[in-house]
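Trainee: Sharing coords26.cif (mmCIF, C-alpha atoms and all ligand atoms) below.
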data_structure
#
loop_
_atom_site.label_atom_id
_atom_site.label_comp_id
_atom_site.auth_asym_id
_atom_site.auth_seq_id
_atom_site.Cartn_x
_atom_site.Cartn_y
_atom_site.Cartn_z
CA MET A 1 35.69 8.38 13.81
CA THR A 2 37.74 10.20 11.18
CA GLU A 3 37.58 13.94 10.71
CA THR A 4 35.77 13.48 7.39
CA ASN A 5 33.16 11.25 9.04
CA ASN A 6 32.69 13.80 11.78
CA LEU A 7 32.21 16.56 9.27
CA SER A 8 29.76 14.59 7.15
CA SER A 9 27.68 13.51 10.14
CA LEU A 10 27.63 17.12 11.32
CA ALA A 11 26.52 18.22 7.86
CA ASN A 12 23.81 15.54 7.89
CA SER A 13 22.44 16.57 11.24
CA ILE A 14 22.39 20.23 10.21
CA GLN A 15 20.51 19.25 7.05
CA THR A 16 18.05 17.18 9.05
CA ILE A 17 17.28 20.05 11.37
CA ALA A 18 17.15 22.59 8.59
CA SER A 19 15.02 20.67 6.08
CA PRO A 20 11.97 22.78 5.28
CA PHE A 21 10.18 19.63 4.16
CA ARG A 22 10.55 18.13 7.65
CA THR A 23 9.06 21.30 9.11
CA TYR A 24 6.26 21.16 6.54
CA LEU A 25 5.44 17.53 7.50
CA ASN A 26 5.43 18.44 11.20
CA GLU A 27 2.92 21.18 10.47
CA LEU A 28 0.79 18.80 8.42
CA HIS A 29 0.80 16.29 11.27
CA GLU A 30 -0.12 18.99 13.74
CA ARG A 31 -2.94 20.27 11.50
CA TYR A 32 -4.68 16.90 11.15
CA ARG A 33 -3.82 15.33 14.52
CA SER A 34 -6.94 16.73 16.14
CA GLU A 35 -9.20 15.63 13.26
CA MET A 36 -11.27 12.92 14.95
CA GLY A 37 -13.61 11.93 12.10
CA GLY A 38 -14.08 8.31 11.03
CA GLU A 39 -14.36 4.97 12.78
CA VAL A 40 -11.75 2.32 13.44
CA ALA A 41 -12.55 -0.94 11.55
CA ASP A 42 -14.32 -3.39 13.83
CA TYR A 43 -15.36 -6.31 11.62
CA ILE A 44 -12.90 -8.39 13.63
CA PRO A 45 -12.09 -7.65 17.31
CA GLU A 46 -8.32 -7.31 16.74
CA LEU A 47 -8.72 -4.28 14.46
CA ALA A 48 -11.13 -2.60 16.88
CA LEU A 49 -8.23 -2.45 19.38
CA ALA A 50 -6.48 0.23 17.29
CA ASP A 51 -6.03 3.60 18.99
CA PRO A 52 -7.73 6.32 16.89
CA HIS A 53 -4.94 8.74 17.87
CA TRP A 54 -2.18 6.76 16.13
CA PHE A 55 -0.98 8.89 13.25
CA GLY A 56 2.15 8.63 11.15
CA ILE A 57 3.26 10.29 7.91
CA CYS A 58 6.33 9.18 5.98
CA VAL A 59 7.68 10.38 2.64
CA ALA A 60 10.50 8.54 0.83
CA THR A 61 12.02 10.07 -2.27
CA THR A 62 13.32 8.18 -5.28
CA ASP A 63 16.82 9.42 -4.44
CA GLY A 64 16.66 7.63 -1.10
CA ARG A 65 15.75 10.34 1.40
CA VAL A 66 13.24 9.45 4.11
CA PHE A 67 11.21 11.97 6.11
CA GLU A 68 8.85 10.94 8.86
CA VAL A 69 6.67 12.37 11.57
CA GLY A 70 4.48 10.74 14.23
CA ASP A 71 3.82 7.01 14.54
CA CYS A 72 5.98 5.69 11.71
CA ASP A 73 7.34 2.69 13.66
CA LYS A 74 3.94 1.47 14.79
CA LEU A 75 3.08 -1.93 13.29
CA PHE A 76 -0.37 -2.52 11.82
CA THR A 77 -1.84 -4.99 9.32
CA ILE A 78 -1.41 -4.10 5.67
CA GLN A 79 -4.84 -5.47 4.69
CA SER A 80 -5.99 -4.52 1.18
CA ILE A 81 -2.77 -2.66 0.37
CA SER A 82 -1.19 -6.10 -0.08
CA LYS A 83 -3.45 -6.72 -3.09
CA ALA A 84 -1.54 -4.40 -5.42
CA PHE A 85 1.82 -5.94 -4.61
CA VAL A 86 0.69 -9.57 -4.77
CA PHE A 87 -0.79 -8.73 -8.19
CA GLY A 88 2.74 -7.71 -9.22
CA LEU A 89 4.12 -11.05 -8.02
CA ALA A 90 1.42 -12.95 -9.96
CA LEU A 91 2.43 -11.02 -13.09
CA GLU A 92 6.05 -12.01 -12.54
CA ASP A 93 4.97 -15.64 -12.08
CA HIS A 94 2.73 -15.89 -15.16
CA GLY A 95 3.01 -12.83 -17.38
CA ARG A 96 0.39 -10.28 -18.31
CA GLU A 97 -1.74 -12.31 -20.69
CA TYR A 98 -2.39 -15.25 -18.39
CA VAL A 99 -3.04 -13.09 -15.33
CA ASN A 100 -5.44 -10.89 -17.30
CA SER A 101 -7.29 -14.02 -18.47
CA LYS A 102 -8.04 -14.72 -14.80
CA VAL A 103 -8.53 -11.20 -13.43
CA SER A 104 -9.76 -8.14 -15.32
CA VAL A 105 -8.54 -4.58 -14.66
CA GLU A 106 -11.89 -2.80 -14.76
CA PRO A 107 -13.01 -0.58 -11.85
CA THR A 108 -16.32 -1.65 -10.31
CA GLY A 109 -17.63 1.33 -8.35
CA GLU A 110 -18.89 -1.33 -5.96
CA ALA A 111 -17.80 -2.30 -2.47
CA PHE A 112 -14.51 -4.19 -2.18
CA ASN A 113 -16.25 -7.34 -0.96
CA ALA A 114 -19.03 -7.36 -3.56
CA ILE A 115 -19.99 -10.84 -4.75
CA VAL A 116 -19.86 -10.01 -8.42
CA LEU A 117 -18.00 -11.29 -11.49
CA ASP A 118 -17.89 -10.04 -15.08
CA GLU A 119 -20.99 -11.54 -16.69
CA GLU A 120 -19.34 -12.27 -20.02
CA THR A 121 -16.00 -13.67 -18.95
CA ASN A 122 -16.70 -14.69 -15.32
CA ARG A 123 -13.51 -12.89 -14.35
CA PRO A 124 -13.37 -10.85 -11.16
CA TYR A 125 -13.36 -7.16 -12.07
CA ASN A 126 -9.91 -6.21 -10.82
CA PRO A 127 -7.17 -7.36 -8.42
CA MET A 128 -8.08 -4.72 -5.81
CA VAL A 129 -11.52 -6.11 -4.94
CA ASN A 130 -11.63 -9.23 -2.81
CA ALA A 131 -12.70 -11.51 -5.67
CA GLY A 132 -9.77 -10.39 -7.81
CA ALA A 133 -7.32 -10.54 -4.92
CA ILE A 134 -8.37 -14.10 -4.02
CA ALA A 135 -8.00 -15.19 -7.66
CA THR A 136 -4.61 -13.46 -7.70
CA ALA A 137 -3.49 -15.28 -4.53
CA ASP A 138 -4.38 -18.52 -6.31
CA LEU A 139 -1.81 -17.66 -8.98
CA ILE A 140 1.20 -17.32 -6.67
CA LYS A 141 3.66 -20.10 -7.42
CA GLY A 142 5.08 -22.43 -4.77
CA ALA A 143 5.14 -26.12 -3.88
CA ASN A 144 2.78 -25.59 -0.92
CA GLY A 145 1.12 -22.93 1.21
CA THR A 146 4.23 -22.31 3.31
CA GLU A 147 6.37 -21.73 0.25
CA ARG A 148 3.81 -19.41 -1.33
CA LEU A 149 3.57 -17.34 1.83
CA LYS A 150 7.36 -17.17 2.04
CA ARG A 151 7.51 -15.85 -1.51
CA VAL A 152 4.98 -13.14 -0.61
CA LEU A 153 6.89 -12.20 2.56
CA ASP A 154 10.19 -12.13 0.66
CA MET A 155 8.62 -9.85 -1.93
CA PHE A 156 7.54 -7.36 0.74
CA GLN A 157 11.05 -7.48 2.16
CA ARG A 158 12.42 -6.47 -1.23
CA TYR A 159 10.07 -3.47 -1.27
CA THR A 160 10.68 -2.30 2.29
CA GLY A 161 14.21 -3.49 3.06
CA ARG A 162 13.17 -5.31 6.23
CA GLU A 163 11.72 -8.66 7.22
CA HIS A 164 7.96 -9.09 7.59
CA THR A 165 5.72 -11.36 9.63
CA VAL A 166 2.04 -12.27 9.69
CA HIS A 167 0.02 -11.09 12.69
CA MET A 168 -1.44 -14.45 13.76
CA PRO A 169 -4.47 -13.20 15.74
CA VAL A 170 -5.65 -11.10 12.77
CA PHE A 171 -5.01 -13.96 10.33
CA LEU A 172 -6.92 -16.49 12.47
CA SER A 173 -9.76 -14.05 12.98
CA GLU A 174 -10.00 -13.24 9.24
CA LYS A 175 -9.99 -16.98 8.52
CA ALA A 176 -12.63 -17.75 11.15
CA THR A 177 -15.01 -14.98 10.03
CA GLY A 178 -14.24 -14.84 6.29
CA ASN A 179 -17.26 -16.70 4.96
CA ARG A 180 -18.12 -13.98 2.50
CA ASN A 181 -14.66 -14.35 0.96
CA ARG A 182 -15.15 -18.12 1.04
CA ALA A 183 -18.42 -17.67 -0.88
CA ILE A 184 -16.62 -15.52 -3.47
CA ALA A 185 -13.93 -18.18 -3.89
CA TYR A 186 -16.52 -20.93 -4.38
CA LEU A 187 -18.40 -18.82 -6.91
CA MET A 188 -15.17 -18.45 -8.88
CA LEU A 189 -14.53 -22.20 -8.57
CA ASN A 190 -18.02 -22.80 -9.94
CA PHE A 191 -17.01 -20.85 -13.07
CA GLY A 192 -13.65 -22.58 -13.31
CA MET A 193 -11.79 -19.33 -12.67
CA VAL A 194 -9.70 -20.62 -9.75
CA SER A 195 -8.13 -23.92 -8.73
CA ASP A 196 -9.90 -26.19 -6.24
CA ARG A 197 -7.36 -25.39 -3.49
CA ILE A 198 -9.95 -23.09 -1.94
CA GLU A 199 -8.83 -23.09 1.70
CA GLU A 200 -5.20 -22.76 0.69
CA MET A 201 -5.80 -19.74 -1.56
CA LEU A 202 -7.99 -18.16 1.13
CA ASP A 203 -5.29 -18.78 3.74
CA LEU A 204 -2.75 -16.99 1.59
CA TYR A 205 -5.20 -14.13 1.00
CA PHE A 206 -5.94 -13.80 4.74
CA GLN A 207 -2.21 -14.09 5.54
CA GLN A 208 -1.20 -11.43 3.04
CA CYS A 209 -3.84 -9.09 4.56
CA SER A 210 -2.39 -9.80 8.04
CA ILE A 211 1.22 -8.88 7.25
CA LEU A 212 2.56 -6.27 9.66
CA VAL A 213 3.90 -3.02 8.22
CA THR A 214 4.63 0.55 9.30
CA ALA A 215 3.92 3.91 7.63
CA ARG A 216 7.62 3.95 6.74
CA ASP A 217 7.25 0.58 4.99
CA LEU A 218 4.32 1.94 2.98
CA ALA A 219 6.37 4.96 1.93
CA MET A 220 9.25 2.71 0.86
CA MET A 221 6.90 0.45 -1.10
CA ALA A 222 5.46 3.44 -2.94
CA ALA A 223 8.91 4.96 -3.49
CA THR A 224 10.09 1.64 -4.94
CA LEU A 225 7.29 1.66 -7.51
CA ALA A 226 7.88 5.38 -8.14
CA ASN A 227 11.51 4.42 -8.80
CA GLY A 228 10.71 1.82 -11.48
CA GLY A 229 10.69 -1.13 -9.08
CA VAL A 230 14.04 -0.58 -7.33
CA ASN A 231 14.06 0.25 -3.63
CA PRO A 232 15.82 3.64 -3.54
CA VAL A 233 17.50 2.97 -0.20
CA THR A 234 18.71 -0.63 -0.57
CA GLY A 235 19.19 -0.44 -4.34
CA LYS A 236 17.50 -3.86 -4.66
CA ARG A 237 14.92 -4.62 -7.32
CA ALA A 238 11.53 -5.57 -5.84
CA ILE A 239 9.59 -6.24 -9.05
CA ASP A 240 10.41 -6.81 -12.69
CA GLN A 241 10.45 -3.42 -14.36
CA ARG A 242 7.99 -4.67 -17.03
CA TYR A 243 5.18 -4.98 -14.48
CA VAL A 244 5.62 -1.74 -12.55
CA GLN A 245 3.21 0.04 -14.90
CA ASP A 246 0.58 -2.71 -14.44
CA VAL A 247 0.62 -2.38 -10.67
CA ILE A 248 0.57 1.41 -10.72
CA SER A 249 -2.24 1.48 -13.30
CA VAL A 250 -4.64 -0.63 -11.25
CA MET A 251 -3.78 1.43 -8.19
CA LEU A 252 -4.72 4.53 -10.16
CA THR A 253 -8.09 3.21 -11.32
CA CYS A 254 -9.12 0.90 -8.46
CA GLY A 255 -6.90 1.52 -5.42
CA MET A 256 -9.14 3.53 -3.11
CA TYR A 257 -12.24 1.33 -2.96
CA ASP A 258 -15.32 3.03 -4.41
CA TYR A 259 -13.72 6.43 -3.78
CA SER A 260 -11.16 5.78 -6.53
CA GLY A 261 -12.69 8.23 -9.02
CA GLU A 262 -12.93 11.10 -6.58
CA TRP A 263 -9.47 10.30 -5.22
CA ILE A 264 -7.83 10.58 -8.62
CA TYR A 265 -9.80 13.76 -9.27
CA ARG A 266 -8.76 15.40 -6.01
CA VAL A 267 -5.36 13.87 -5.18
CA GLY A 268 -4.26 12.59 -8.57
CA LEU A 269 -1.83 9.93 -7.35
CA PRO A 270 -1.97 6.15 -7.80
CA ALA A 271 -2.56 4.74 -4.32
CA LYS A 272 -3.91 1.84 -2.31
CA SER A 273 -5.53 1.86 1.09
CA GLY A 274 -6.39 -0.80 3.62
CA VAL A 275 -8.80 -1.09 6.55
CA GLY A 276 -5.86 -1.27 8.96
CA GLY A 277 -5.58 2.51 8.42
CA GLY A 278 -2.70 2.60 5.93
CA ILE A 279 -2.41 4.38 2.59
CA THR A 280 0.47 4.07 0.15
CA ALA A 281 0.59 6.68 -2.62
CA ILE A 282 2.98 7.10 -5.54
CA ALA A 283 4.27 10.24 -7.22
CA PRO A 284 6.04 8.56 -10.17
CA GLU A 285 9.75 9.32 -10.45
CA LYS A 286 9.52 11.57 -7.37
CA LEU A 287 8.45 9.96 -4.15
CA GLY A 288 6.32 7.57 -2.16
CA ILE A 289 3.94 8.52 0.65
CA GLY A 290 2.98 6.22 3.52
CA THR A 291 0.33 7.26 6.02
CA PHE A 292 -1.12 5.46 9.02
CA SER A 293 -4.20 6.53 10.93
CA PRO A 294 -6.85 3.91 11.85
CA PRO A 295 -10.15 5.89 11.73
CA LEU A 296 -11.83 5.17 8.38
CA ASP A 297 -14.55 6.91 6.42
CA ALA A 298 -17.66 5.07 5.24
CA LYS A 299 -15.82 3.73 2.18
CA GLY A 300 -12.97 2.24 4.19
CA ASN A 301 -10.26 4.86 3.59
CA SER A 302 -8.25 6.48 6.40
CA VAL A 303 -9.72 9.95 7.05
CA ARG A 304 -6.43 11.60 8.05
CA GLY A 305 -4.58 9.69 5.33
CA ILE A 306 -6.80 11.22 2.64
CA GLN A 307 -6.32 14.70 4.09
CA VAL A 308 -2.54 14.34 4.24
CA CYS A 309 -2.22 13.01 0.69
CA GLN A 310 -4.51 15.72 -0.64
CA ALA A 311 -2.47 18.43 1.09
CA LEU A 312 0.87 17.03 -0.12
CA SER A 313 -0.46 16.71 -3.66
CA GLN A 314 -1.80 20.26 -3.72
CA ASP A 315 1.10 21.92 -1.93
CA PHE A 316 3.77 20.34 -4.12
CA GLY A 317 1.84 20.04 -7.38
CA LEU A 318 2.06 16.24 -7.32
CA HIS A 319 -1.27 15.59 -9.11
CA LEU A 320 -0.38 13.50 -12.18
CA PHE A 321 -2.27 15.81 -14.47
CA ASN A 322 -1.19 19.06 -12.95
CA ALA A 323 0.35 20.70 -16.00
CA ALA A 324 1.01 24.02 -14.27
CA SER A 325 3.69 23.81 -11.62
CA SER A 326 2.90 24.55 -8.00
CA ASP A 327 4.25 27.49 -5.99
CA ARG A 328 6.52 25.14 -4.12
CA VAL A 329 9.22 23.35 -6.01
CA LEU A 330 9.73 19.99 -4.33
CA GLU A 331 13.47 19.91 -4.93
CA GLU A 332 13.92 23.16 -3.05
CA TRP A 333 12.11 21.84 -0.01
CA ILE A 334 13.63 18.39 0.19
CA VAL A 335 17.01 18.95 1.73
CA GLY A 336 18.74 16.40 3.95
CA ASN A 337 16.67 13.56 5.41
CA ASP A 338 15.66 11.82 8.60
CA ALA A 339 18.59 9.43 8.33
CA ILE A 340 17.86 6.10 9.93
CA ASP A 341 20.81 4.04 11.16
CA GLY A 342 21.58 1.16 8.86
CA TRP A 343 19.51 2.53 5.99
N1 LIG B 401 -9.10 -8.62 4.96
C1 LIG B 401 -10.17 -7.84 4.46
C2 LIG B 401 -11.25 -8.67 3.83
O1 LIG B 401 -10.97 -9.49 3.01
C3 LIG B 401 -9.69 -6.82 3.46
C4 LIG B 401 -9.72 -5.60 4.19
C5 LIG B 401 -9.38 -4.35 3.38
O2 LIG B 401 -10.15 -4.00 2.48
O3 LIG B 401 -8.38 -3.71 3.71
O4 LIG B 401 -12.40 -8.47 4.14
#
Turn the structure described in the file into structure tokens.
Ligand code: GLU

Mentor:
Amino acid sequence: MTETNNLSSLANSIQTIASPFRTYLNELHERYRSEMGGEVADYIPELALADPHWFGICVATTDGRVFEVGDCDKLFTIQSISKAFVFGLALEDHGREYVNSKVSVEPTGEAFNAIVLDEETNRPYNPMVNAGAIATADLIKGANGTERLKRVLDMFQRYTGREHTVHMPVFLSEKATGNRNRAIAYLMLNFGMVSDRIEEMLDLYFQQCSILVTARDLAMMAATLANGGVNPVTGKRAIDQRYVQDVISVMLTCGMYDYSGEWIYRVGLPAKSGVGGGITAIAPEKLGIGTFSPPLDAKGNSVRGIQVCQALSQDFGLHLFNAASSDRVLEEWIVGNDAIDGW
């Protein structure tokens, strides 16, 4: 190692130790670690195996710094969080007008698995409810199911910078028990809103929900959208810049199940959650937050995840409509990073 390298790695490690933001995140983790509210999802046996103590918080900034505390390497299924990103891929495949002719962007205030379509147009209400996500999966281009899944996995790799796989037991379980989703797909077929490749579109939907991610992945995905669609660590574009605003907008209005209104009121950040216990939240042009904690509230959102995002938003004035600046200036707190080898 050269002297310059030695000096810069010394400087990096000093920064890592000294970063007040790292200390802040440790305190946040400590504060909510003992919060035991909520229930782990149990609609399929594989999800019920999750340990309620698992808890990770990761923040990735748009200038490529990554801070993490707790279980940020733990793999879990992405579930509904996938919906926002697959919507982005469908937009790239077909453009805004065509996708919007198949899926609306209106919040429902109803449960994510509601069997309901827009009465006038027969469109599912938005890409974040199951109906809309299934119709969106139907739009992903590819010669066959394998190719379509590969395109989805490759897309997630562009967002996170690492390769992804489908958790087979969760996929097979979702497929075996997913008759409500099957009913939704057939209802849409009845109205001519989807193709007749019902099992194939459902397979892709169940597979996308079963993709394994970490809290760090969720932070990178959010940071990529916050950064206009370019992963701030790899420098690679994950989504056409034209569609970044579409994805973020539906996350803002529909991302947190039927808690979306209160979420935007309290936290003020576009976000998406999943029943695997993950939340990805975006502070545009600033940072992405990824949290993982399996116990969910009655609406399906991670209890600790909500608390962490609310605290971060309040403490650093991240709420989108927070005109007055907070006491803490983010730039003064974010010094150094938790450098990860090869990143
Ligand atoms: N795979 C789930 C379903 O379709 C989605 C779960 C979620 O909302 O995260 O029922």

Trainee: Hey, which residues sit close to ligand LIG 401 (chain B)? Say within 6 Å, counting all atoms listed in the file, and write them as a compact mmCIF listing (two decimals) with C-alpha atoms, keeping the file's coordinate frame.

Mentor:
# COMPACT_ATOMS: atom_id res chain seq x y z
CA GLN A 79 -4.84 -5.47 4.69
CA SER A 80 -5.99 -4.52 1.18
CA ASN A 130 -11.63 -9.23 -2.81
CA CYS A 209 -3.84 -9.09 4.56
CA GLY A 274 -6.39 -0.80 3.62
CA VAL A 275 -8.80 -1.09 6.55

Trainee: When you look at Cys254 in chain A with a cut-off of 7 Å (counting all atoms listed in the file), what residues show up, excluding the ones that are within fewer than 4 positions of it in the same chain? I need them as a PyMOL selection string.

Mentor: chain A and resi 107+128+250+260

Trainee: Val166 in chain A: which residues within 7 Å, counting only C-alpha atoms, same-chain residues fewer than 4 positions away excluded, as a compact mmCIF listing (two decimals) with C-alpha atoms, keeping the file's coordinate frame?

Mentor:
# COMPACT_ATOMS: atom_id res chain seq x y z
CA GLN A 207 -2.21 -14.09 5.54
CA SER A 210 -2.39 -9.80 8.04
CA ILE A 211 1.22 -8.88 7.25
CA LEU A 212 2.56 -6.27 9.66

Trainee: Ranking A:Gly336, A:Leu218, A:Val129, A:Leu139 by minimum distance to Arg162 in chain A and counting all atoms listed in the file, which one comes first?

Mentor: A:Leu218

Trainee: Rank A:Asn190, A:Thr291, A:Asn144, A:Asn322 by their smallest atom-to-atom distance to Cys309 in chain A, using only C-alpha atoms, and report the top residue only.

Mentor: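 Counting only C-alpha atoms, the residue closest to Cys309 in chain A is A:Thr291.
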
Trainee: Find the spatial neighbours of range 114-123 of chain A, counting only C-alpha atoms, within a cut-off of 12 Å - ignore same-chain residues fewer than 2 positions away - and output them as a PyMOL selection string.

Mentor: chain A and resi 99-112+125-136+179-194+257-258

Trainee: Between A:Phe85, A:Phe156, A:Trp54, A:Tyr243, which has the minimum distance to Ala271 in chain A (counting only C-alpha atoms)?

Mentor: A:Phe85

Trainee: Given the choices A:Asp51, A:Glu92, A:Glu200, A:Asp315, which gets closest to Glu147 in chain A if the distance is worked out from only C-alpha atoms?

Mentor: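 Of A:Asp51, A:Glu92, A:Glu200, A:Asp315, the one nearest Glu147 in chain A, counting only C-alpha atoms, is A:Glu200.
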
Trainee: Write out as an NGL selection string each polymer residue whose atoms come within 10 Å of Pro284 in chain A, counting all atoms listed in the file; drop sequence neighbours fewer than 3 positions from it.

Mentor: :A and (62 or 222-228 or 248 or 269-270 or 281 or 287-288 or 318 or 320)

Trainee: Compare A:Ile306, A:Ala238, A:Met201, A:Val247 by their minimum atom-to-atom distance to Val267 in chain A, counting all atoms listed in the file, and give me the closest one.

Mentor: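 Under the stated criterion, the closest residue is A:Ile306.
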
Trainee: Using only C-alpha atoms, which of the listed residues (A:Gly64, A:Gly290, A:Gly142, A:Gly300) sits closest to Arg216 in chain A?

Mentor: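 For Arg216 in chain A, the nearest of the candidates is A:Gly290.
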
Trainee: Using all atoms listed in the file, tabulate the residues of range 275-339 of chain A lying at most 6 Å from any atom of range 33-41 of chain A, each with its closest atom pair and that distance in Å to one decimal, by chain and increasing residue number, as JSON lines.

Mentor:
{"residue": "A:Pro294", "atom": "CA", "partner": "A:Val40", "partner_atom": "CA", "distance": 5.4}
{"residue": "A:Pro295", "atom": "CA", "partner": "A:Val40", "partner_atom": "CA", "distance": 4.3}
{"residue": "A:Leu296", "atom": "CA", "partner": "A:Gly38", "partner_atom": "CA", "distance": 4.7}
{"residue": "A:Asp297", "atom": "CA", "partner": "A:Gly38", "partner_atom": "CA", "distance": 4.8}

Trainee: One decimal, in Å: what's the spacing between CA of Phe55 in chain A and CA of Phe292 in chain A?

Mentor: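 Taking CA of Phe55 in chain A as the start and CA of Phe292 in chain A as the end point, the length is 5.4 Å.
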
Trainee: Using Å and a single decimal, report how far CA of Ala215 in chain A sits from CA of Asp63 in chain A.

Mentor: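 Taking CA of Asp63 in chain A as the start and CA of Ala215 in chain A as the end point, the length is 18.5 Å.
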
Trainee: Please compute the CA of Gly235 in chain A-CA of Ile289 in chain A distance, one decimal, in Å.

Mentor: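 We find that CA of Gly235 in chain A and CA of Ile289 in chain A lie 18.4 Å from each other.
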
Trainee: Go ahead and find all residues with at least one atom no further than 12 Å from (7.5, -14.0, -2.4) in the file's coordinates, using all atoms listed in the file; report them as a count of residues only.

Mentor: 35

Trainee: Residues at most 12 Å from Glu30 in chain A, counting all atoms listed in the file, excluding those fewer than 4 positions away in the same chain, as a list of chain:residue names?

Mentor: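 Skipping anything fewer than 4 positions along the chain leaves A:Thr23, A:Tyr24, A:Leu25, A:Asn26, A:Ser34, A:Glu35, A:Phe55, A:Gly56, A:Ile57, A:Val69, A:Gly70, A:Arg304, A:Val308.
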